$ cat entry_31.csv   # CSV, C-alpha atoms
chain,number,residue,atom,x,y,z
B,140,MET,CA,-21.5,-28.2,-65.9
B,141,ILE,CA,-20.8,-30.0,-62.6
B,142,SER,CA,-19.3,-28.1,-59.7
B,143,LEU,CA,-18.3,-29.3,-56.3
B,144,THR,CA,-16.6,-26.4,-54.6
B,145,PRO,CA,-15.7,-24.8,-51.2
B,146,ASP,CA,-16.3,-21.4,-52.8
B,147,PRO,CA,-19.6,-19.5,-52.7
B,148,ILE,CA,-22.0,-20.4,-55.4
B,149,ASP,CA,-23.5,-17.8,-57.6
B,150,PRO,CA,-26.8,-19.0,-58.9
B,151,ASN,CA,-26.7,-16.5,-61.8
B,152,HIS,CA,-23.5,-18.2,-63.0
B,153,VAL,CA,-25.1,-21.6,-62.8
B,154,ALA,CA,-28.1,-20.4,-64.8
B,155,ALA,CA,-25.9,-18.7,-67.4
B,156,ALA,CA,-24.2,-22.1,-67.9
B,157,VAL,CA,-27.4,-23.6,-69.4
B,158,HIS,CA,-28.5,-20.7,-71.6
B,159,ALA,CA,-29.2,-21.5,-75.2
B,160,SER,CA,-31.1,-19.9,-78.1
B,161,GLU,CA,-33.3,-23.0,-78.4
B,162,ALA,CA,-34.4,-22.8,-74.8
B,163,GLY,CA,-37.9,-21.5,-74.1
B,164,ALA,CA,-37.5,-22.2,-70.4
B,165,VAL,CA,-34.7,-22.0,-67.8
B,166,VAL,CA,-35.5,-23.2,-64.3
B,167,THR,CA,-33.2,-22.6,-61.4
B,168,PHE,CA,-33.4,-24.2,-58.0
B,169,VAL,CA,-31.3,-22.8,-55.2
B,170,GLY,CA,-30.9,-24.5,-51.8
B,171,THR,CA,-30.0,-22.3,-48.9
B,172,VAL,CA,-29.1,-22.8,-45.3
B,173,ARG,CA,-32.1,-22.4,-43.1
B,174,GLY,CA,-32.0,-20.8,-39.8
B,175,THR,CA,-34.1,-23.2,-37.8
B,176,THR,CA,-34.6,-27.0,-38.0
B,177,GLY,CA,-36.9,-28.9,-35.8
B,178,GLY,CA,-37.4,-25.8,-33.6
B,179,ARG,CA,-33.6,-25.5,-33.0
B,180,GLU,CA,-31.6,-22.5,-34.2
B,181,THR,CA,-28.8,-23.3,-36.7
B,182,VAL,CA,-25.6,-21.4,-36.6
B,183,ALA,CA,-23.9,-23.1,-39.5
B,184,LEU,CA,-23.8,-26.2,-41.6
B,185,GLU,CA,-20.7,-28.2,-42.4
B,186,TYR,CA,-20.8,-30.2,-45.7
B,187,GLU,CA,-18.4,-33.0,-46.2
B,188,ALA,CA,-18.1,-34.9,-49.5
B,189,TYR,CA,-16.4,-38.0,-51.0
B,190,ASP,CA,-15.2,-35.7,-53.7
B,191,GLU,CA,-14.5,-38.1,-56.5
B,192,MET,CA,-17.7,-40.1,-56.1
B,193,ALA,CA,-19.8,-37.0,-55.5
B,194,ARG,CA,-18.6,-35.6,-58.9
B,195,THR,CA,-19.3,-38.9,-60.6
B,196,GLU,CA,-22.8,-39.1,-59.1
B,197,LEU,CA,-23.6,-35.5,-60.0
B,198,GLU,CA,-22.5,-36.1,-63.6
B,199,ARG,CA,-24.6,-39.3,-63.7
B,200,LEU,CA,-27.7,-37.4,-62.5
B,201,ARG,CA,-27.1,-34.6,-64.9
B,202,CYS,CA,-26.9,-37.0,-67.8
B,203,ALA,CA,-30.0,-38.9,-66.6
B,204,ALA,CA,-32.0,-35.7,-66.4
B,205,ILE,CA,-30.9,-34.5,-69.8
B,206,GLU,CA,-31.9,-37.8,-71.4
B,207,ARG,CA,-35.2,-38.3,-69.5
B,208,TRP,CA,-36.5,-34.8,-70.2
B,209,SER,CA,-34.7,-34.0,-73.4
B,210,LEU,CA,-33.1,-31.0,-71.8
B,211,ILE,CA,-31.0,-28.6,-73.7
B,212,ASP,CA,-28.5,-28.3,-70.8
B,213,CYS,CA,-28.2,-28.9,-67.1
B,214,ALA,CA,-25.8,-27.4,-64.5
B,215,LEU,CA,-25.3,-28.7,-60.9
B,216,ALA,CA,-23.3,-27.0,-58.3
B,217,HIS,CA,-22.8,-28.1,-54.6
B,218,ARG,CA,-20.8,-26.4,-52.0
B,219,THR,CA,-18.6,-28.1,-49.3
B,220,GLY,CA,-17.2,-26.8,-46.1
B,221,ARG,CA,-18.8,-24.4,-43.6
B,222,LEU,CA,-21.8,-22.4,-44.6
B,223,PHE,CA,-23.8,-19.9,-42.6
B,224,VAL,CA,-27.5,-19.2,-42.6
B,225,GLY,CA,-28.7,-17.9,-45.9
B,226,GLU,CA,-25.8,-19.1,-47.9
B,227,VAL,CA,-26.3,-21.2,-51.0
B,228,SER,CA,-25.5,-24.9,-50.5
B,229,VAL,CA,-26.7,-26.2,-53.9
B,230,ALA,CA,-27.8,-24.8,-57.2
B,231,ILE,CA,-29.5,-26.5,-60.1
B,232,ALA,CA,-30.2,-25.0,-63.5
B,233,VAL,CA,-31.9,-26.7,-66.5
B,234,SER,CA,-32.9,-25.4,-69.9
B,235,ALA,CA,-35.5,-26.9,-72.1
B,236,ALA,CA,-37.6,-26.0,-75.1
B,237,HIS,CA,-40.7,-25.9,-72.9
B,238,ARG,CA,-41.3,-25.2,-69.2
B,239,ARG,CA,-43.0,-28.5,-68.1
B,240,ALA,CA,-39.8,-30.5,-68.8
B,241,ALA,CA,-37.7,-27.9,-67.1
B,242,PHE,CA,-39.8,-27.8,-63.9
B,243,GLU,CA,-40.0,-31.6,-63.6
B,244,ALA,CA,-36.3,-32.1,-64.3
B,245,ALA,CA,-35.3,-29.6,-61.6
B,246,ALA,CA,-37.6,-31.1,-59.1
B,247,TRP,CA,-36.3,-34.6,-59.8
B,248,LEU,CA,-32.7,-33.5,-59.6
B,249,ILE,CA,-32.8,-32.0,-56.2
B,250,ASP,CA,-34.6,-35.1,-54.8
B,251,ALA,CA,-32.1,-37.4,-56.6
B,252,ILE,CA,-29.1,-35.4,-55.3
B,253,LYS,CA,-30.4,-35.7,-51.8
B,254,GLN,CA,-30.9,-39.4,-52.2
B,255,SER,CA,-27.6,-40.6,-53.7
B,256,VAL,CA,-24.8,-38.1,-53.9
B,257,PRO,CA,-22.1,-38.9,-51.2
B,258,ILE,CA,-22.3,-35.6,-49.4
B,259,TRP,CA,-23.0,-35.2,-45.7
B,260,LYS,CA,-24.4,-32.3,-43.7
B,261,CYS,CA,-23.6,-31.6,-40.1
B,262,GLU,CA,-25.8,-29.2,-38.3
B,263,HIS,CA,-24.1,-26.8,-35.9
B,264,TYR,CA,-26.8,-25.5,-33.5
B,265,ALA,CA,-26.9,-22.3,-31.4
B,266,ASP,CA,-26.6,-24.4,-28.2
B,267,GLY,CA,-23.2,-25.6,-29.3
B,268,THR,CA,-24.3,-29.1,-30.2
B,269,THR,CA,-23.7,-30.7,-33.6
B,270,GLU,CA,-25.5,-33.4,-35.4
B,271,TRP,CA,-25.0,-35.3,-38.7
B,272,VAL,CA,-28.3,-35.1,-40.6
B,273,HIS,CA,-30.1,-38.1,-41.7
B,274,HIS,CA,-32.7,-37.3,-44.3
B,275,ALA,CA,-36.1,-38.8,-43.5
B,276,THR,CA,-36.7,-41.8,-45.8
F,196,MET,CA,-5.6,-59.3,-47.0
F,197,LYS,CA,-5.4,-55.8,-45.5
F,198,ARG,CA,-7.8,-53.3,-47.1
F,199,THR,CA,-8.1,-49.6,-46.5
F,200,VAL,CA,-11.6,-48.3,-46.0
F,201,LEU,CA,-12.3,-44.5,-46.4
F,202,LEU,CA,-14.5,-43.1,-43.7
F,203,PHE,CA,-16.8,-40.0,-43.8
F,204,ALA,CA,-19.1,-38.0,-41.6
F,205,GLU,CA,-20.3,-39.9,-38.5
F,206,ALA,CA,-18.0,-42.9,-39.2
F,207,ARG,CA,-15.0,-40.6,-39.5
F,208,GLN,CA,-16.0,-39.0,-36.2
F,209,ALA,CA,-16.6,-42.3,-34.5
F,210,THR,CA,-13.0,-43.4,-35.1
F,211,GLY,CA,-11.3,-40.1,-35.3
F,212,ALA,CA,-9.7,-41.2,-38.6
F,213,ASP,CA,-10.6,-40.7,-42.2
F,214,ARG,CA,-9.6,-44.3,-43.0
F,215,VAL,CA,-9.0,-47.6,-41.3
F,216,GLU,CA,-7.3,-50.8,-42.3
F,217,VAL,CA,-9.3,-54.0,-42.1
F,218,ASP,CA,-8.2,-57.6,-42.3
F,219,LEU,CA,-10.3,-59.5,-44.8
F,220,PRO,CA,-10.2,-63.1,-46.0
F,221,GLU,CA,-9.7,-63.6,-49.7
F,222,PRO,CA,-12.0,-63.5,-51.5
F,223,ALA,CA,-14.3,-61.2,-49.6
F,224,ASP,CA,-17.6,-59.6,-50.5
F,225,VAL,CA,-19.2,-56.5,-49.0
F,226,ALA,CA,-21.2,-58.6,-46.5
F,227,THR,CA,-17.9,-59.9,-45.2
F,228,LEU,CA,-16.5,-56.4,-45.1
F,229,ARG,CA,-19.4,-55.2,-43.0
F,230,ARG,CA,-18.9,-58.1,-40.5
F,231,GLU,CA,-15.2,-57.7,-40.2
F,232,LEU,CA,-15.3,-53.9,-39.9
F,233,SER,CA,-17.7,-54.1,-37.1
F,234,ARG,CA,-15.7,-56.8,-35.4
F,235,GLN,CA,-12.3,-55.1,-35.7
F,236,TYR,CA,-13.7,-51.6,-35.0
F,237,PRO,CA,-16.6,-51.9,-32.6
F,238,SER,CA,-17.0,-48.1,-32.6
F,239,LEU,CA,-17.9,-48.3,-36.3
F,240,ALA,CA,-20.6,-51.0,-35.8
F,241,SER,CA,-23.6,-48.8,-35.8
F,242,ALA,CA,-22.3,-46.7,-38.7
F,243,VAL,CA,-21.7,-49.9,-40.6
F,244,GLU,CA,-25.2,-51.1,-40.1
F,245,ARG,CA,-26.6,-47.9,-41.6
F,246,ALA,CA,-24.0,-47.5,-44.3
F,247,MET,CA,-23.7,-48.3,-48.0
F,248,PHE,CA,-20.3,-49.2,-49.4
F,249,ALA,CA,-18.6,-47.9,-52.5
F,250,ILE,CA,-16.0,-49.7,-54.5
F,251,ASP,CA,-14.0,-47.6,-57.0
F,252,ALA,CA,-16.3,-44.7,-56.3
F,253,ALA,CA,-19.5,-46.6,-57.2
F,254,TYR,CA,-22.1,-48.0,-55.0
F,255,ALA,CA,-21.8,-51.7,-54.2
F,256,THR,CA,-24.2,-54.3,-52.9
F,257,ASN,CA,-23.6,-56.8,-50.2
F,258,ALA,CA,-22.7,-59.4,-52.8
F,259,THR,CA,-20.2,-57.3,-54.6
F,260,VAL,CA,-16.7,-58.7,-54.3
F,261,VAL,CA,-14.1,-56.5,-52.7
F,262,PRO,CA,-11.3,-56.4,-55.2
F,263,PRO,CA,-7.7,-56.1,-54.1
F,264,ASP,CA,-6.8,-52.9,-55.9
F,265,GLN,CA,-9.8,-50.5,-55.9
F,266,GLU,CA,-10.8,-47.8,-53.4
F,267,VAL,CA,-13.3,-48.9,-50.8
F,268,ALA,CA,-15.4,-46.4,-48.9
F,269,LEU,CA,-18.0,-46.5,-46.1
F,270,ILE,CA,-20.9,-44.3,-47.1
F,271,PRO,CA,-23.1,-43.3,-44.2
F,272,PRO,CA,-26.7,-42.2,-45.0
F,273,VAL,CA,-26.2,-39.2,-47.3
F,274,SER,CA,-27.6,-35.7,-46.6
F,275,GLY,CA,-26.4,-33.5,-49.4
F,276,GLY,CA,-28.5,-30.9,-51.2

$ encode --input "entry_31.csv" --output "structure tokens"
Amino acid sequence: MISLTPDPIDPNHVAAAVHASEAGAVVTFVGTVRGTTGGRETVALEYEAYDEMARTELERLRCAAIERWSLIDCALAHRTGRLFVGEVSVAIAVSAAHRRAAFEAAAWLIDAIKQSVPIWKCEHYADGTTEWVHHAT
Amino acid sequence: MKRTVLLFAEARQATGADRVEVDLPEPADVATLRRELSRQYPSLASAVERAMFAIDAAYATNATVVPPDQEVALIPPVSGG
């Protein structure tokens, strides 16, 4: 399952998408909007996406993870639009026969999503300023 | 040839538009596209320097030829997740 949506993400729904009787392990990662960044108070985040390419990239990463770790299934969901502190921006769920593959795949996926998916985050700070985020490379 | 380039994030903010038209020689590669975008839209120059480009919703290199009929997008440094 791949989802790029302006609607709130339910991590339980994302995890349910990968359930299978052959799975001994289901690992879920949930990314949430943090209240402070670099000592500054965040009021909201605005996520913008190049929709078509973001979906293609998410699908590519999903397939790559399934192949590399022999996953049973993998679900990725990313939100767009305005999010407030505490809301879920991204959810990843993977299922595998054993836990090592599931943990490693989930860790790889969030790093890979941050590196290549055409989605951009704009911080809205409490002092009224806004800033497009550049991940440290 | 005139090509439309989709803009996102800081590039969209720099021009106030979600796309711009750029005049390109034919044939043109992405390196040429960078040069011409910066020249024709100086407000985009710093964004162009930091950006990748996508053609037909797939990442391109500087050597990739810009085809006449596929979607071109300027991809600023991403920050999803």

$ atom_distance --input "entry_31.csv" --atom1 "CA of Gly170 in chain B" --atom2 "CA of Glu262 in chain B"
15.2 Å

$ closest_residue --input "entry_31.csv" --among "F:Met247, F:Leu239, F:Ala212, F:Ala223" --to "Leu269 in chain F" --atoms "all atoms listed in the file"
F:Met247

$ interface_residues --input "entry_31.csv" --of "chain F" --to "chain B" --cutoff "9 Å" --atoms "all atoms listed in the file" --output "list in words"
Leu201, Phe203, Ala204, Glu205, Ala249, Asp251, Ala252, Ala253, Ala268, Ile270, Pro271, Pro272, Val273, Ser274, Gly275 and Gly276 of chain F

$ residues_near_point --input "entry_31.csv" --point "(-6.8, -49.2, -42.2)" --cutoff "12 Å" --atoms "all atoms listed in the file" --output "CSV table (one decimal) with C-alpha atoms, in the coordinates of the input"
chain,number,residue,atom,x,y,z
F,196,MET,CA,-5.6,-59.3,-47.0
F,197,LYS,CA,-5.4,-55.8,-45.5
F,198,ARG,CA,-7.8,-53.3,-47.1
F,199,THR,CA,-8.1,-49.6,-46.5
F,200,VAL,CA,-11.6,-48.3,-46.0
F,201,LEU,CA,-12.3,-44.5,-46.4
F,202,LEU,CA,-14.5,-43.1,-43.7
F,210,THR,CA,-13.0,-43.4,-35.1
F,212,ALA,CA,-9.7,-41.2,-38.6
F,213,ASP,CA,-10.6,-40.7,-42.2
F,214,ARG,CA,-9.6,-44.3,-43.0
F,215,VAL,CA,-9.0,-47.6,-41.3
F,216,GLU,CA,-7.3,-50.8,-42.3
F,217,VAL,CA,-9.3,-54.0,-42.1
F,218,ASP,CA,-8.2,-57.6,-42.3
F,219,LEU,CA,-10.3,-59.5,-44.8
F,232,LEU,CA,-15.3,-53.9,-39.9
F,235,GLN,CA,-12.3,-55.1,-35.7
F,236,TYR,CA,-13.7,-51.6,-35.0
F,266,GLU,CA,-10.8,-47.8,-53.4
F,267,VAL,CA,-13.3,-48.9,-50.8
F,268,ALA,CA,-15.4,-46.4,-48.9

$ atom_distance --input "entry_31.csv" --atom1 "CA of Cys213 in chain B" --atom2 "CA of Pro145 in chain B"
20.6 Å

$ atom_distance --input "entry_31.csv" --atom1 "CA of Ile211 in chain B" --atom2 "CA of Thr167 in chain B"
13.9 Å

$ residues_near_point --input "entry_31.csv" --point "(-20.9, -55.4, -37.7)" --cutoff "12 Å" --atoms "all atoms listed in the file" --output "list in words"
Val225, Ala226, Thr227, Leu228, Arg229, Arg230, Glu231, Leu232, Ser233, Arg234, Gln235, Tyr236, Pro237, Ser238, Leu239, Ala240, Ser241, Ala242, Val243, Glu244, Arg245 and Ala246 of chain F

$ closest_residue --input "entry_31.csv" --among "B:Asp212, B:Glu161, B:Glu180, B:Asp146" --to "Val224 in chain B" --atoms "all atoms listed in the file"
B:Glu180

$ residues_around --input "entry_31.csv" --residues "Ala245 in chain B" --least-positions-apart "2" --cutoff "7 Å" --atoms "all atoms listed in the file" --output "short mmCIF file (atom, residue, chain, number, x, y, z; two decimals) with C-alpha atoms, in the frame of the given file"
data_model
loop_
_atom_site.label_atom_id
_atom_site.label_comp_id
_atom_site.auth_asym_id
_atom_site.auth_seq_id
_atom_site.Cartn_x
_atom_site.Cartn_y
_atom_site.Cartn_z
CA VAL B 166 -35.50 -23.20 -64.30
CA PHE B 168 -33.40 -24.20 -58.00
CA ILE B 231 -29.50 -26.50 -60.10
CA VAL B 233 -31.90 -26.70 -66.50
CA ALA B 241 -37.70 -27.90 -67.10
CA PHE B 242 -39.80 -27.80 -63.90
CA GLU B 243 -40.00 -31.60 -63.60
CA TRP B 247 -36.30 -34.60 -59.80
CA LEU B 248 -32.70 -33.50 -59.60
CA ILE B 249 -32.80 -32.00 -56.20
#

$ residues_around --input "entry_31.csv" --residues "Gly174 in chain B" --least-positions-apart "4" --cutoff "12 Å" --atoms "all atoms listed in the file" --output "ChimeraX atom specification"
/B:178-184,222-226,262-265

$ decode --input "entry_31.csv" --residues "range 232-253 of chain F" --atoms "N, CA and C atoms" --output "mmCIF file, in the first residue's frame"
data_model
loop_
_atom_site.group_PDB
_atom_site.id
_atom_site.type_symbol
_atom_site.label_atom_id
_atom_site.label_comp_id
_atom_site.auth_asym_id
_atom_site.auth_seq_id
_atom_site.Cartn_x
_atom_site.Cartn_y
_atom_site.Cartn_z
ATOM 1 N N LEU F 232 17.455 28.555 -17.342
ATOM 2 C CA LEU F 232 16.500 28.915 -16.288
ATOM 3 C C LEU F 232 17.066 30.043 -15.430
ATOM 4 N N SER F 233 18.326 29.903 -15.043
ATOM 5 C CA SER F 233 18.962 30.921 -14.193
ATOM 6 C C SER F 233 19.088 32.243 -14.923
ATOM 7 N N ARG F 234 19.354 32.143 -16.216
ATOM 8 C CA ARG F 234 19.534 33.373 -17.009
ATOM 9 C C ARG F 234 18.190 34.075 -17.235
ATOM 10 N N GLN F 235 17.166 33.297 -17.567
ATOM 11 C CA GLN F 235 15.866 33.895 -17.889
ATOM 12 C C GLN F 235 15.059 34.231 -16.639
ATOM 13 N N TYR F 236 15.353 33.576 -15.520
ATOM 14 C CA TYR F 236 14.663 33.842 -14.258
ATOM 15 C C TYR F 236 15.703 33.979 -13.148
ATOM 16 N N PRO F 237 16.334 35.131 -13.040
ATOM 17 C CA PRO F 237 17.385 35.318 -12.025
ATOM 18 C C PRO F 237 16.936 35.000 -10.598
ATOM 19 N N SER F 238 15.647 35.181 -10.303
ATOM 20 C CA SER F 238 15.175 34.877 -8.944
ATOM 21 C C SER F 238 15.237 33.379 -8.657
ATOM 22 N N LEU F 239 15.391 32.568 -9.704
ATOM 23 C CA LEU F 239 15.468 31.112 -9.531
ATOM 24 C C LEU F 239 16.906 30.604 -9.448
ATOM 25 N N ALA F 240 17.863 31.493 -9.670
ATOM 26 C CA ALA F 240 19.248 31.044 -9.828
ATOM 27 C C ALA F 240 19.753 30.217 -8.648
ATOM 28 N N SER F 241 19.525 30.700 -7.428
ATOM 29 C CA SER F 241 20.060 29.932 -6.291
ATOM 30 C C SER F 241 19.298 28.623 -6.113
ATOM 31 N N ALA F 242 18.015 28.621 -6.409
ATOM 32 C CA ALA F 242 17.248 27.374 -6.320
ATOM 33 C C ALA F 242 17.750 26.369 -7.356
ATOM 34 N N VAL F 243 18.045 26.854 -8.560
ATOM 35 C CA VAL F 243 18.528 25.981 -9.626
ATOM 36 C C VAL F 243 19.829 25.301 -9.232
ATOM 37 N N GLU F 244 20.700 26.108 -8.581
ATOM 38 C CA GLU F 244 22.003 25.583 -8.177
ATOM 39 C C GLU F 244 21.868 24.393 -7.229
ATOM 40 N N ARG F 245 20.864 24.458 -6.351
ATOM 41 C CA ARG F 245 20.711 23.415 -5.327
ATOM 42 C C ARG F 245 19.786 22.288 -5.775
ATOM 43 N N ALA F 246 19.173 22.453 -6.957
ATOM 44 C CA ALA F 246 18.092 21.545 -7.327
ATOM 45 C C ALA F 246 18.555 20.361 -8.164
ATOM 46 N N MET F 247 17.746 19.312 -8.094
ATOM 47 C CA MET F 247 17.783 18.247 -9.092
ATOM 48 C C MET F 247 16.671 18.577 -10.089
ATOM 49 N N PHE F 248 16.685 17.863 -11.217
ATOM 50 C CA PHE F 248 15.587 18.000 -12.168
ATOM 51 C C PHE F 248 14.977 16.635 -12.420
ATOM 52 N N ALA F 249 13.691 16.659 -12.715
ATOM 53 C CA ALA F 249 13.002 15.417 -13.051
ATOM 54 C C ALA F 249 12.379 15.573 -14.436
ATOM 55 N N ILE F 250 12.476 14.510 -15.205
ATOM 56 C CA ILE F 250 11.829 14.477 -16.517
ATOM 57 C C ILE F 250 10.908 13.274 -16.519
ATOM 58 N N ASP F 251 9.658 13.545 -16.871
ATOM 59 C CA ASP F 251 8.648 12.472 -16.847
ATOM 60 C C ASP F 251 8.613 11.818 -15.469
ATOM 61 N N ALA F 252 8.678 12.645 -14.434
ATOM 62 C CA ALA F 252 8.575 12.222 -13.029
ATOM 63 C C ALA F 252 9.653 11.245 -12.610
ATOM 64 N N ALA F 253 10.841 11.368 -13.208
ATOM 65 C CA ALA F 253 11.985 10.550 -12.795
ATOM 66 C C ALA F 253 13.210 11.451 -12.768
#
